[in-house]
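What follows is model_12.txt (compact mmCIF, C-alpha atoms).
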```
# COMPACT_ATOMS: atom_id res chain seq x y z
CA MET A 1 15.10 -5.70 -77.94
CA VAL A 2 13.61 -4.35 -81.16
CA LEU A 3 12.53 -1.29 -79.18
CA ILE A 4 16.08 -0.87 -77.86
CA GLY A 5 17.39 -1.03 -81.41
CA LEU A 6 14.95 1.69 -82.48
CA ILE A 7 16.01 3.84 -79.50
CA PHE A 8 19.66 3.53 -80.57
CA ILE A 9 18.78 4.67 -84.09
CA PHE A 10 16.66 7.52 -82.69
CA LEU A 11 19.48 8.78 -80.43
CA ALA A 12 21.95 8.64 -83.32
CA ILE A 13 19.75 10.60 -85.74
CA LYS A 14 18.00 12.99 -83.34
CA TYR A 15 20.88 13.85 -81.01
CA ASP A 16 23.90 12.86 -83.13
CA TYR A 17 25.16 10.45 -80.44
CA GLU A 18 27.90 8.39 -82.15
CA PRO A 19 25.76 7.81 -85.29
CA LEU A 20 28.51 5.80 -87.02
CA LEU A 21 28.21 3.26 -84.21
CA LEU A 22 24.65 3.43 -82.94
CA ILE A 23 22.91 3.17 -86.32
CA PRO A 24 24.74 -0.08 -87.33
CA ILE A 25 24.33 -1.50 -83.81
CA GLY A 26 20.66 -0.49 -83.63
CA THR A 27 19.96 -2.03 -87.02
CA GLY A 28 21.84 -5.16 -86.01
CA ILE A 29 19.73 -5.47 -82.85
CA ILE A 30 16.58 -5.39 -84.95
CA ILE A 31 17.97 -7.97 -87.41
CA GLY A 32 19.10 -10.27 -84.62
CA ASN A 33 15.70 -10.23 -82.91
CA ILE A 34 13.40 -10.95 -85.86
CA PRO A 35 11.40 -14.01 -84.67
CA MET A 36 12.20 -17.27 -86.44
CA PHE A 37 11.88 -20.98 -85.75
CA GLN A 38 14.74 -22.35 -83.65
CA ALA A 39 15.23 -25.87 -82.34
CA ILE A 40 18.06 -28.16 -81.31
CA ASP A 41 19.73 -29.89 -84.28
CA PHE A 42 17.71 -27.77 -86.70
CA ASN A 43 19.65 -25.15 -88.69
CA LEU A 44 17.88 -22.72 -91.02
CA LYS A 45 21.18 -20.84 -91.50
CA LEU A 46 19.50 -17.55 -90.72
CA GLY A 47 20.39 -16.60 -87.15
CA ILE A 48 23.74 -15.24 -86.06
CA TYR A 49 24.33 -18.25 -83.82
CA GLU A 50 23.49 -20.79 -86.56
CA PRO A 51 26.69 -22.14 -88.23
CA GLY A 52 26.87 -21.40 -91.93
CA SER A 53 24.56 -18.38 -91.91
CA VAL A 54 25.82 -15.12 -93.41
CA MET A 55 25.57 -13.33 -90.07
CA ASN A 56 27.41 -16.14 -88.31
CA ILE A 57 30.26 -15.96 -90.82
CA LEU A 58 30.53 -12.18 -90.38
CA TYR A 59 30.27 -12.57 -86.60
CA SER A 60 33.38 -14.75 -86.63
CA GLY A 61 35.35 -11.50 -87.03
CA VAL A 62 34.08 -10.51 -83.59
CA VAL A 63 34.42 -13.90 -81.90
CA ASN A 64 37.96 -14.41 -83.19
CA GLY A 65 39.03 -10.82 -82.58
CA TRP A 66 39.75 -9.89 -86.21
CA TYR A 67 37.84 -6.62 -86.40
CA PRO A 68 39.35 -4.65 -83.45
CA PRO A 69 42.95 -4.65 -84.77
CA LEU A 70 41.71 -3.39 -88.14
CA ILE A 71 39.77 -0.66 -86.35
CA PHE A 72 42.97 0.29 -84.53
CA LEU A 73 44.81 0.44 -87.86
CA GLY A 74 42.30 3.03 -89.08
CA ILE A 75 42.42 4.96 -85.80
CA GLY A 76 46.20 5.14 -86.04
CA ALA A 77 45.99 6.46 -89.61
CA MET A 78 43.55 9.17 -88.48
CA THR A 79 45.28 10.22 -85.26
CA ASP A 80 47.64 13.14 -84.85
CA PHE A 81 49.89 12.56 -81.84
CA SER A 82 51.42 16.06 -82.04
CA SER A 83 49.74 17.32 -78.86
CA LEU A 84 51.06 14.33 -76.92
CA ILE A 85 54.57 14.60 -78.39
CA SER A 86 54.73 18.31 -77.56
CA ASN A 87 53.70 17.77 -73.94
CA PRO A 88 54.51 14.15 -72.99
CA ARG A 89 53.81 14.68 -69.27
CA LEU A 90 50.10 14.67 -70.11
CA MET A 91 50.43 10.99 -71.03
CA VAL A 92 50.09 10.11 -67.33
CA LEU A 93 46.54 11.47 -67.40
CA GLY A 94 45.65 8.78 -69.93
CA ALA A 95 47.12 6.23 -67.54
CA ALA A 96 45.31 7.71 -64.52
CA ALA A 97 41.92 7.37 -66.20
CA GLN A 98 42.50 3.64 -66.62
CA ILE A 99 41.75 3.23 -62.92
CA GLY A 100 38.20 2.68 -64.17
CA ILE A 101 39.30 -0.61 -65.77
CA PHE A 102 40.74 -2.13 -62.62
CA ALA A 103 38.04 -0.74 -60.32
CA THR A 104 35.40 -2.34 -62.54
CA PHE A 105 37.36 -5.59 -62.62
CA LEU A 106 37.30 -5.72 -58.82
CA GLY A 107 33.61 -4.78 -58.78
CA ALA A 108 32.76 -7.57 -61.22
CA LEU A 109 34.65 -10.09 -59.08
CA ALA A 110 32.72 -8.91 -56.02
CA MET A 111 29.44 -9.44 -57.91
CA GLY A 112 30.26 -13.07 -58.59
CA PHE A 113 31.71 -13.07 -62.10
CA ALA A 114 34.59 -15.45 -62.80
CA PRO A 115 38.04 -13.77 -63.17
CA PRO A 116 38.13 -14.00 -67.02
CA GLU A 117 34.58 -12.62 -67.23
CA ALA A 118 35.43 -9.86 -64.75
CA GLY A 119 38.49 -8.91 -66.79
CA ALA A 120 36.41 -8.61 -69.97
CA ILE A 121 33.82 -6.49 -68.12
CA GLY A 122 36.51 -4.31 -66.58
CA ILE A 123 37.77 -3.06 -69.93
CA ILE A 124 34.49 -1.13 -70.34
CA GLY A 125 36.12 1.39 -68.01
CA GLY A 126 38.60 2.24 -70.73
CA ALA A 127 35.79 3.72 -72.87
CA ASP A 128 37.17 1.86 -75.88
CA GLY A 129 34.70 -0.26 -77.84
CA PRO A 130 37.16 -2.16 -80.08
CA THR A 131 39.37 -3.02 -77.10
CA ALA A 132 36.32 -4.21 -75.13
CA ILE A 133 35.32 -6.49 -78.01
CA PHE A 134 38.88 -7.77 -78.45
CA LEU A 135 39.28 -8.67 -74.78
CA SER A 136 35.81 -10.19 -74.38
CA SER A 137 36.40 -12.33 -77.50
CA LYS A 138 39.45 -13.78 -75.75
CA LEU A 139 38.19 -14.05 -72.16
CA ALA A 140 34.37 -14.20 -72.20
CA ASN A 141 33.51 -15.91 -75.46
CA GLY A 142 31.40 -18.80 -74.14
CA MET A 143 34.02 -21.33 -75.26
CA ASN A 144 37.06 -21.16 -72.97
CA VAL A 145 37.17 -23.64 -70.09
CA MET A 146 38.47 -22.40 -66.74
CA ALA A 147 40.70 -24.34 -64.35
CA ASN A 148 37.68 -25.46 -62.30
CA GLY A 149 36.15 -27.10 -65.38
CA GLU A 150 33.46 -24.48 -65.92
CA THR A 151 32.99 -22.76 -69.28
CA VAL A 152 33.08 -18.97 -69.33
CA LYS A 153 29.90 -17.14 -70.24
CA ASN A 154 29.47 -15.49 -73.64
CA LEU A 155 29.41 -11.81 -72.66
CA ILE A 156 30.63 -10.29 -75.93
CA GLY A 157 27.24 -8.77 -76.81
CA PRO A 158 26.44 -7.14 -73.45
CA ILE A 159 30.01 -5.86 -73.00
CA ALA A 160 30.16 -4.40 -76.53
CA ILE A 161 26.74 -2.76 -76.26
CA ALA A 162 27.58 -1.32 -72.84
CA ALA A 163 30.94 0.02 -74.04
CA TYR A 164 29.55 1.67 -77.16
CA SER A 165 26.45 2.97 -75.36
CA TYR A 166 28.49 4.77 -72.73
CA MET A 167 30.93 6.04 -75.37
CA ALA A 168 27.96 7.65 -77.10
CA LEU A 169 26.81 9.16 -73.80
CA VAL A 170 30.17 10.76 -72.94
CA PRO A 171 28.75 14.30 -73.53
CA VAL A 172 26.02 13.49 -71.01
CA ILE A 173 28.01 11.59 -68.37
CA GLN A 174 31.23 13.60 -68.09
CA PRO A 175 30.18 17.27 -67.60
CA PRO A 176 28.43 16.77 -64.22
CA ILE A 177 31.43 14.83 -62.88
CA ILE A 178 33.89 17.48 -64.09
CA LYS A 179 31.83 20.28 -62.51
CA LEU A 180 31.56 18.36 -59.24
CA LEU A 181 35.33 17.87 -58.95
CA THR A 182 36.57 21.28 -60.15
CA THR A 183 36.08 24.89 -59.14
CA LYS A 184 35.16 27.64 -61.58
CA LYS A 185 38.63 29.11 -61.11
CA GLU A 186 40.21 25.80 -62.11
CA ARG A 187 37.95 25.49 -65.15
CA LYS A 188 39.18 28.91 -66.34
CA ILE A 189 42.87 27.98 -66.23
CA LYS A 190 44.59 28.71 -69.54
CA MET A 191 47.38 26.41 -70.62
CA LYS A 192 50.52 27.32 -72.50
CA PRO A 193 50.12 26.70 -76.25
CA PRO A 194 51.74 23.43 -77.39
CA ARG A 195 55.01 23.73 -79.26
CA ALA A 196 55.34 22.86 -82.93
CA VAL A 197 56.32 19.25 -83.57
CA THR A 198 58.75 18.30 -86.34
CA ARG A 199 58.07 15.67 -89.00
CA LEU A 200 61.00 13.60 -87.68
CA GLU A 201 59.42 13.48 -84.21
CA LYS A 202 56.11 12.34 -85.71
CA ILE A 203 57.86 9.52 -87.58
CA ILE A 204 59.93 8.39 -84.59
CA PHE A 205 56.99 8.40 -82.16
CA PRO A 206 55.04 5.37 -83.53
CA ILE A 207 58.25 3.34 -83.82
CA VAL A 208 59.38 4.09 -80.27
CA GLY A 209 55.80 3.77 -78.98
CA LEU A 210 55.46 0.32 -80.53
CA LEU A 211 58.75 -0.91 -79.06
CA LEU A 212 58.00 0.39 -75.57
CA THR A 213 54.41 -0.82 -75.32
CA ALA A 214 55.23 -4.18 -76.92
CA TYR A 215 57.73 -4.94 -74.17
CA ILE A 216 55.45 -3.61 -71.42
CA SER A 217 52.40 -5.54 -72.62
CA PRO A 218 53.20 -7.99 -75.46
CA THR A 219 49.66 -9.42 -75.43
CA ALA A 220 48.40 -5.99 -76.56
CA VAL A 221 50.53 -6.05 -79.73
CA PRO A 222 47.60 -7.03 -82.03
CA LEU A 223 45.98 -3.71 -81.10
CA LEU A 224 48.93 -1.39 -80.46
CA GLY A 225 50.97 -2.81 -83.33
CA MET A 226 48.21 -1.91 -85.76
CA LEU A 227 47.64 1.49 -84.08
CA PHE A 228 51.25 2.56 -84.47
CA PHE A 229 51.52 0.97 -87.92
CA GLY A 230 48.56 3.04 -89.10
CA ASN A 231 50.10 6.18 -87.61
CA LEU A 232 53.41 5.49 -89.34
CA LEU A 233 51.58 5.15 -92.66
CA LYS A 234 50.15 8.62 -92.06
CA GLU A 235 53.22 10.41 -90.75
CA SER A 236 55.76 8.96 -93.18
CA THR A 237 53.91 10.86 -95.97
CA VAL A 238 55.24 8.33 -98.52
CA THR A 239 52.34 5.90 -98.09
CA ASN A 240 49.43 8.29 -98.47
CA ARG A 241 47.38 5.80 -100.49
CA LEU A 242 47.65 3.18 -97.76
CA ALA A 243 46.94 5.71 -95.02
CA ASP A 244 43.90 6.97 -96.92
CA THR A 245 42.55 3.42 -97.35
CA ALA A 246 43.09 2.59 -93.66
CA SER A 247 41.51 5.82 -92.41
CA ASN A 248 38.53 5.79 -94.77
CA ALA A 249 37.41 2.73 -96.78
CA LEU A 250 38.82 0.06 -94.45
CA ILE A 251 37.76 1.47 -91.09
CA ASN A 252 34.31 2.37 -92.48
CA THR A 253 33.80 -1.18 -93.78
CA ILE A 254 34.91 -2.78 -90.51
CA THR A 255 32.78 -0.37 -88.47
CA ILE A 256 29.70 -1.44 -90.45
CA LEU A 257 30.45 -5.16 -90.04
CA LEU A 258 31.35 -4.80 -86.38
CA GLY A 259 28.30 -2.71 -85.49
CA VAL A 260 25.75 -4.87 -87.30
CA THR A 261 27.11 -8.20 -86.05
CA VAL A 262 27.54 -7.04 -82.45
CA GLY A 263 24.00 -5.71 -82.53
CA ALA A 264 22.66 -8.92 -84.04
CA SER A 265 24.37 -10.97 -81.33
CA THR A 266 22.03 -9.47 -78.72
CA GLN A 267 19.17 -11.92 -79.19
CA ALA A 268 16.69 -11.46 -76.37
CA ASP A 269 17.20 -14.95 -74.94
CA VAL A 270 20.96 -14.32 -74.78
CA PHE A 271 21.01 -10.62 -73.90
CA LEU A 272 18.11 -10.00 -71.51
CA THR A 273 19.66 -11.58 -68.44
CA LYS A 274 20.66 -10.56 -64.92
CA ASP A 275 24.30 -10.57 -66.04
CA SER A 276 23.59 -7.96 -68.72
CA ILE A 277 21.92 -5.67 -66.20
CA MET A 278 24.91 -5.97 -63.85
CA ILE A 279 27.30 -5.31 -66.74
CA PHE A 280 25.47 -2.10 -67.65
CA GLY A 281 25.56 -1.01 -64.01
CA LEU A 282 29.26 -1.73 -63.75
CA GLY A 283 29.84 0.08 -67.05
CA ALA A 284 28.20 3.26 -65.77
CA ALA A 285 30.24 3.10 -62.56
CA SER A 286 33.45 2.51 -64.53
CA PHE A 287 32.93 5.64 -66.67
CA ILE A 288 32.35 7.71 -63.55
CA VAL A 289 35.46 6.31 -61.83
CA ALA A 290 37.62 6.73 -64.95
CA THR A 291 36.53 10.35 -65.46
CA ALA A 292 36.99 11.17 -61.78
CA GLY A 293 40.39 9.49 -61.70
CA GLY A 294 41.64 11.57 -64.62
CA VAL A 295 40.30 14.86 -63.23
CA ILE A 296 41.65 14.28 -59.72
CA PHE A 297 45.10 13.33 -61.03
CA ALA A 298 45.12 16.44 -63.24
CA LYS A 299 44.32 18.56 -60.18
CA VAL A 300 47.29 17.02 -58.35
CA MET A 301 49.54 17.63 -61.35
CA ASN A 302 48.41 21.25 -61.47
CA TRP A 303 49.32 21.77 -57.81
CA PHE A 304 52.90 20.66 -58.52
CA SER A 305 53.23 22.32 -61.93
CA PRO A 306 55.27 25.52 -62.43
CA LYS A 307 53.15 28.67 -62.37
CA ASP A 308 54.00 29.42 -66.00
CA ARG A 309 52.86 25.91 -67.08
CA PRO A 310 49.55 25.25 -65.32
CA ILE A 311 47.25 22.34 -66.12
CA ASN A 312 43.51 22.75 -66.43
CA PRO A 313 42.10 19.82 -64.40
CA MET A 314 39.27 19.36 -66.90
CA ILE A 315 41.64 17.81 -69.45
CA GLY A 316 42.06 14.85 -67.09
CA ALA A 317 38.54 13.74 -68.07
CA ALA A 318 39.83 13.22 -71.62
CA GLY A 319 42.08 10.45 -70.32
CA VAL A 320 39.37 7.95 -71.22
CA SER A 321 39.90 6.73 -74.75
CA ALA A 322 36.62 7.95 -76.25
CA VAL A 323 38.37 9.84 -79.08
CA PRO A 324 37.65 12.64 -79.80
CA ASP A 325 34.38 12.98 -77.85
CA SER A 326 35.99 13.42 -74.42
CA ALA A 327 38.33 16.10 -75.78
CA ARG A 328 35.34 17.89 -77.32
CA VAL A 329 33.54 17.83 -73.97
CA VAL A 330 36.54 19.55 -72.36
CA GLN A 331 36.69 22.10 -75.19
CA VAL A 332 33.00 22.97 -74.83
CA MET A 333 33.23 23.29 -71.06
CA GLY A 334 36.33 25.46 -71.37
CA LEU A 335 34.54 27.85 -73.70
CA GLU A 336 31.50 27.93 -71.43
CA ASN A 337 33.65 29.23 -68.56
CA ASP A 338 35.85 31.47 -70.72
CA PRO A 339 35.06 32.10 -74.42
CA THR A 340 38.78 32.60 -75.12
CA ASN A 341 39.97 29.38 -73.47
CA HIS A 342 40.54 26.72 -76.13
CA LEU A 343 41.52 23.38 -74.59
CA LEU A 344 40.93 20.96 -77.48
CA MET A 345 44.59 20.44 -78.45
CA HIS A 346 45.61 20.07 -74.80
CA ALA A 347 42.81 17.57 -74.15
CA MET A 348 43.77 15.50 -77.19
CA ALA A 349 47.07 14.55 -75.50
CA PRO A 350 45.48 12.54 -72.65
CA ASN A 351 42.72 11.43 -75.03
CA VAL A 352 45.06 9.67 -77.46
CA SER A 353 47.23 8.39 -74.61
CA GLY A 354 44.03 6.90 -73.18
CA VAL A 355 43.71 4.80 -76.35
CA ILE A 356 47.21 3.45 -75.73
CA GLY A 357 46.55 3.04 -72.01
CA SER A 358 43.33 1.06 -72.45
CA ALA A 359 45.07 -1.31 -74.89
CA VAL A 360 47.96 -1.79 -72.46
CA GLY A 361 45.44 -2.42 -69.66
CA ALA A 362 43.69 -5.00 -71.82
CA GLY A 363 47.01 -6.69 -72.52
CA ILE A 364 47.82 -6.87 -68.82
CA LEU A 365 44.46 -8.41 -68.00
CA LEU A 366 44.79 -10.84 -70.89
CA SER A 367 48.26 -11.98 -69.80
CA PHE A 368 47.02 -12.79 -66.28
CA LEU A 369 43.60 -14.20 -67.08
CA MET A 370 43.90 -16.05 -70.40
```
Take the structure I supplied and represent it as structure tokens, if you would.
Amino acid sequence: MVLIGLIFIFLAIKYDYEPLLLIPIGTGIIIGNIPMFQAIDFNLKLGIYEPGSVMNILYSGVVNGWYPPLIFLGIGAMTDFSSLISNPRLMVLGAAAQIGIFATFLGALAMGFAPPEAGAIGIIGGADGPTAIFLSSKLANGMNVMANGETVKNLIGPIAIAAYSYMALVPVIQPPIIKLLTTKKERKIKMKPPRAVTRLEKIIFPIVGLLLTAYISPTAVPLLGMLFFGNLLKESTVTNRLADTASNALINTITILLGVTVGASTQADVFLTKDSIMIFGLGAASFIVATAGGVIFAKVMNWFSPKDRPINPMIGAAGVSAVPDSARVVQVMGLENDPTNHLLMHAMAPNVSGVIGSAVGAGILLSFLM
């Protein structure tokens, strides 16, 4: 496990793979796996699973689901929904990519996981680390008792590590899938520039978005409520101090605490299990299915789109909620096929809708499985 932590740090520094996540997680893995004496009814208050220790107190933000909503607050304060507002039809691509969540859920059930555990594993397909942690803290926390009297497994560590690992590997995983499912002609498609969005539209969007998603999936309100609240702080322009705090100091602090404690929770005796291996396998499959689902649906949309408003199928891959990495992958691939084809703003529409979609998907799973 110490070696895995060092590999995470190496990938972050050498290849710039999600350094803000992998360096805290990698360091946390090392901290959590420093050998120390452990015995039943003996508490040194050092380990993350020992009540009263500093790491255990900080880890309560993960177990109780406090950190993810605060992360969503910062994401909302940093996100510009203009591309989505200007072309709302692209929102369905964010929904299409969520097929990875439910395909993984079914796969986890088939591999013998209990329904709550399978639901927590399934959310990896949304490519959203905070949502994965939030759902696993509710469904697979090692404390809840199922109807058959069995206690669910504690899968927070493996699920979080899998989710963040694959988020970091988006630039590696997605391009081969996109190339496999699209032709060179399709990858060269140029889309109509998005229209300018008014300030009033930007203010109305988070309010309407909150009301709609809250009624569709009320159990997702802790995440979506904070997402749209953060966005309203930004777009109202009268709460710049609050928006600046949420998008900088607050989200940076929570990212540090979340990364270190999640990493520290992966003690070898807890993490190196058959379940963890299956979770990583399911996570890889879920990313592939989610990317493919978005690209295929974008191809279908393009077939039925007016000739003067075509859709480049590559932007469907950005339907996973790895913001903004998936959109950057689409931008790079667009420029590779045509140096004048800039797709970043178009790809951001399904990318930010994927954030909303994964939270809604988590809420649906939570409402059925809690």
Would you be able to write out as a ChimeraX atom specification which residues have an atom within 6 Å of (45.5, 5.7, -73.2) in the file's coordinates, counting all atoms listed in the file? /A:94-95,321,352-358
For the interface of region 101-197 of chain A with region 252-276 of chain A (cut-off 10 Å, counting only C-alpha atoms), please tabulate each contacting residue of region 101-197 of chain A alongside its nearest pair of atoms and their separation in Å to one decimal, rows sorted by chain and increasing number, as JSON lines.
```
{"residue": "A:Met111", "atom": "CA", "partner": "A:Asp275", "partner_atom": "CA", "distance": 9.7}
{"residue": "A:Gly112", "atom": "CA", "partner": "A:Asp275", "partner_atom": "CA", "distance": 9.9}
{"residue": "A:Phe113", "atom": "CA", "partner": "A:Asp275", "partner_atom": "CA", "distance": 8.8}
{"residue": "A:Pro130", "atom": "CA", "partner": "A:Leu258", "partner_atom": "CA", "distance": 9.0}
{"residue": "A:Ile133", "atom": "CA", "partner": "A:Val262", "partner_atom": "CA", "distance": 9.0}
{"residue": "A:Lys153", "atom": "CA", "partner": "A:Asp275", "partner_atom": "CA", "distance": 9.6}
{"residue": "A:Asn154", "atom": "CA", "partner": "A:Val270", "partner_atom": "CA", "distance": 8.7}
{"residue": "A:Leu155", "atom": "CA", "partner": "A:Ser276", "partner_atom": "CA", "distance": 8.0}
{"residue": "A:Ile156", "atom": "CA", "partner": "A:Val262", "partner_atom": "CA", "distance": 7.9}
{"residue": "A:Gly157", "atom": "CA", "partner": "A:Thr266", "partner_atom": "CA", "distance": 5.6}
{"residue": "A:Pro158", "atom": "CA", "partner": "A:Ser276", "partner_atom": "CA", "distance": 5.6}
{"residue": "A:Ile159", "atom": "CA", "partner": "A:Ser276", "partner_atom": "CA", "distance": 8.0}
{"residue": "A:Ala160", "atom": "CA", "partner": "A:Val262", "partner_atom": "CA", "distance": 7.0}
{"residue": "A:Ile161", "atom": "CA", "partner": "A:Gly263", "partner_atom": "CA", "distance": 7.5}
{"residue": "A:Ala162", "atom": "CA", "partner": "A:Ser276", "partner_atom": "CA", "distance": 8.8}
{"residue": "A:Tyr164", "atom": "CA", "partner": "A:Gly259", "partner_atom": "CA", "distance": 9.5}
```
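Of the residues under consideration (A:Pro69, A:Glu18, A:Val289, A:Ile9), A:Val289 shows the shortest atom-to-atom contact distance to Leu181 (chain A) when counting all atoms listed in the file.
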Here CA of Val329 (chain A) and CA of Ile4 (chain A) stand apart by 25.9 Å
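When CA of Val92 (chain A) is paired with CA of Asn351 (chain A), their separation reads 10.7 Å.
Among the candidates A:Leu93, A:Leu200, A:Ile121, A:Ala114, the one nearest to Met348 (chain A) when counting all atoms listed in the file is A:Leu93.
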Please provide the set of residues having any atom within 10 Å of Asn337 (chain A), restricted to only C-alpha atoms, with same-chain residues fewer than 6 positions apart removed, written as a list in words. Lys184, Lys185, Glu186, Arg187, Lys188 and Ile189 of chain A
So, counting all atoms listed in the file, which residue among A:Ser236, A:Thr219, A:Asn302, A:Asn312 is closest to Lys138 (chain A)? A:Thr219
One decimal place gives the CA of Phe134 (chain A)-CA of Tyr67 (chain A) separation as 8.1 Å
Using all atoms listed in the file, give me every residue within 6 Å of (53.3, 21.1, -84.5) in file coordinates, as a CSV table (one decimal) with C-alpha atoms, keeping the file's coordinate frame.
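As a result, point_38.csv now contains:
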```csv
chain,number,residue,atom,x,y,z
A,82,SER,CA,51.4,16.1,-82.0
A,196,ALA,CA,55.3,22.9,-82.9
A,197,VAL,CA,56.3,19.2,-83.6
```
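Distance check against Val62 (chain A) using all atoms listed in the file: of A:Ile85, A:Ile48, A:Ala110, A:Leu282, the minimum falls on A:Ile48.
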